[in-house]
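Step one of this worksheet: look at the structure below.
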Amino acid sequence: MSCDPRYEDPRSVRGFAQRATGRDDALLCHQLVFRDMEGEPWCTQRECAEKQLFALGFEEFLRGRGYEFVVTPRNGDVAVYFFTSPDPGKDLGVPTHFGRYARGQVLSKLGEGATYLHDIGMVRPFYGDGVAFMRKTARE
């Protein structure tokens with residue numbers, strides 16, 4: 001699986017490189033990844049399985065839809081951000097943000113608004129201090 005070329009930025013960047021698309025400004029990070037990029041049928045409404053994605057047990061939800069954790073990401077893999085250390089009001093290991101791996105960086109939405117191509121570790125502090133990658137290995 002390769003990254004959708006509409007979302008790739010040919011420039012090599014450090015930090016953030018904004019990609020203003022207009023078309024997907026109203027989407028949230030998980031909607032961009034699972035609905036627009038992955039084309040998942042379970043992510044068609046605004047809710048897009050938020051209760052399952054941003055909760056303990058998200059791994060089983062995504063495994064049941066053909067995703068598996070991988071050690072070395074490839075273009076098109078899903079980046080899952082989370083907290084590995086205590087933070088007030090946050091559960092350890094619960095996803096806080098999703099993006100898509102693209103040539104050593106991550107394409108994601110930082111809330112509603114523009115889409116960004118950024119370094120893997122260059123996210124807002126409230127998105128956590130850990131990142132893992134998942135790959136779609138089975139089609140439904």
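Here, A, B, ... name the chains of the structure tokens in the order displayed, residue numbers run from 1 inside each chain, and ligands are numbered from 1 in the same displayed order.
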
For this session: Write out as JSON, numbers by chain which residues come within 10 Å of Phe34 in chain A when counting only C-alpha atoms, dropping same-chain ones fewer than 6 positions away.
Result: {"A": [40, 41, 42, 43, 44, 48, 49, 78, 98, 99, 100]}

Nearby residues (only C-alpha atoms) at most 6 Å from Tyr67 in chain A, same-chain spacing under 3 positions excluded, as a compact mmCIF listing (two decimals) with C-alpha atoms, in the first residue's frame:
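Dumped everything to around_15.txt:
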# COMPACT_ATOMS: atom_id res chain seq x y z
CA LEU A 62 -8.35 -2.01 14.66
CA ARG A 63 -7.10 -5.61 14.60
CA MET A 134 -0.08 0.04 12.33
CA ARG A 135 -0.44 -1.44 8.86
CA LYS A 136 -3.53 -2.74 7.11
CA THR A 137 -2.65 -6.38 6.48

Problem set entry | Point-to-point distance from CA of Val80 in chain A to CA of Val123 in chain A, Å rounded to tenths |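 We find that CA of Val80 in chain A and CA of Val123 in chain A lie 11.6 Å from each other.
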
Exercise. If you count only C-alpha atoms, which residues fall within 12 Å of Ala132 in chain A, apart from same-chain ones fewer than 5 positions away, as a PyMOL selection string?
Worked result: chain A and resi 59+68-73+77-84+93-101+106+120-121

For this session: Find the distance between CA of Gly57 in chain A and CA of Gln105 in chain A and write it in Å to one decimal.
Result: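 One can read the CA of Gly57 in chain A to CA of Gln105 in chain A distance as 26.2 Å.
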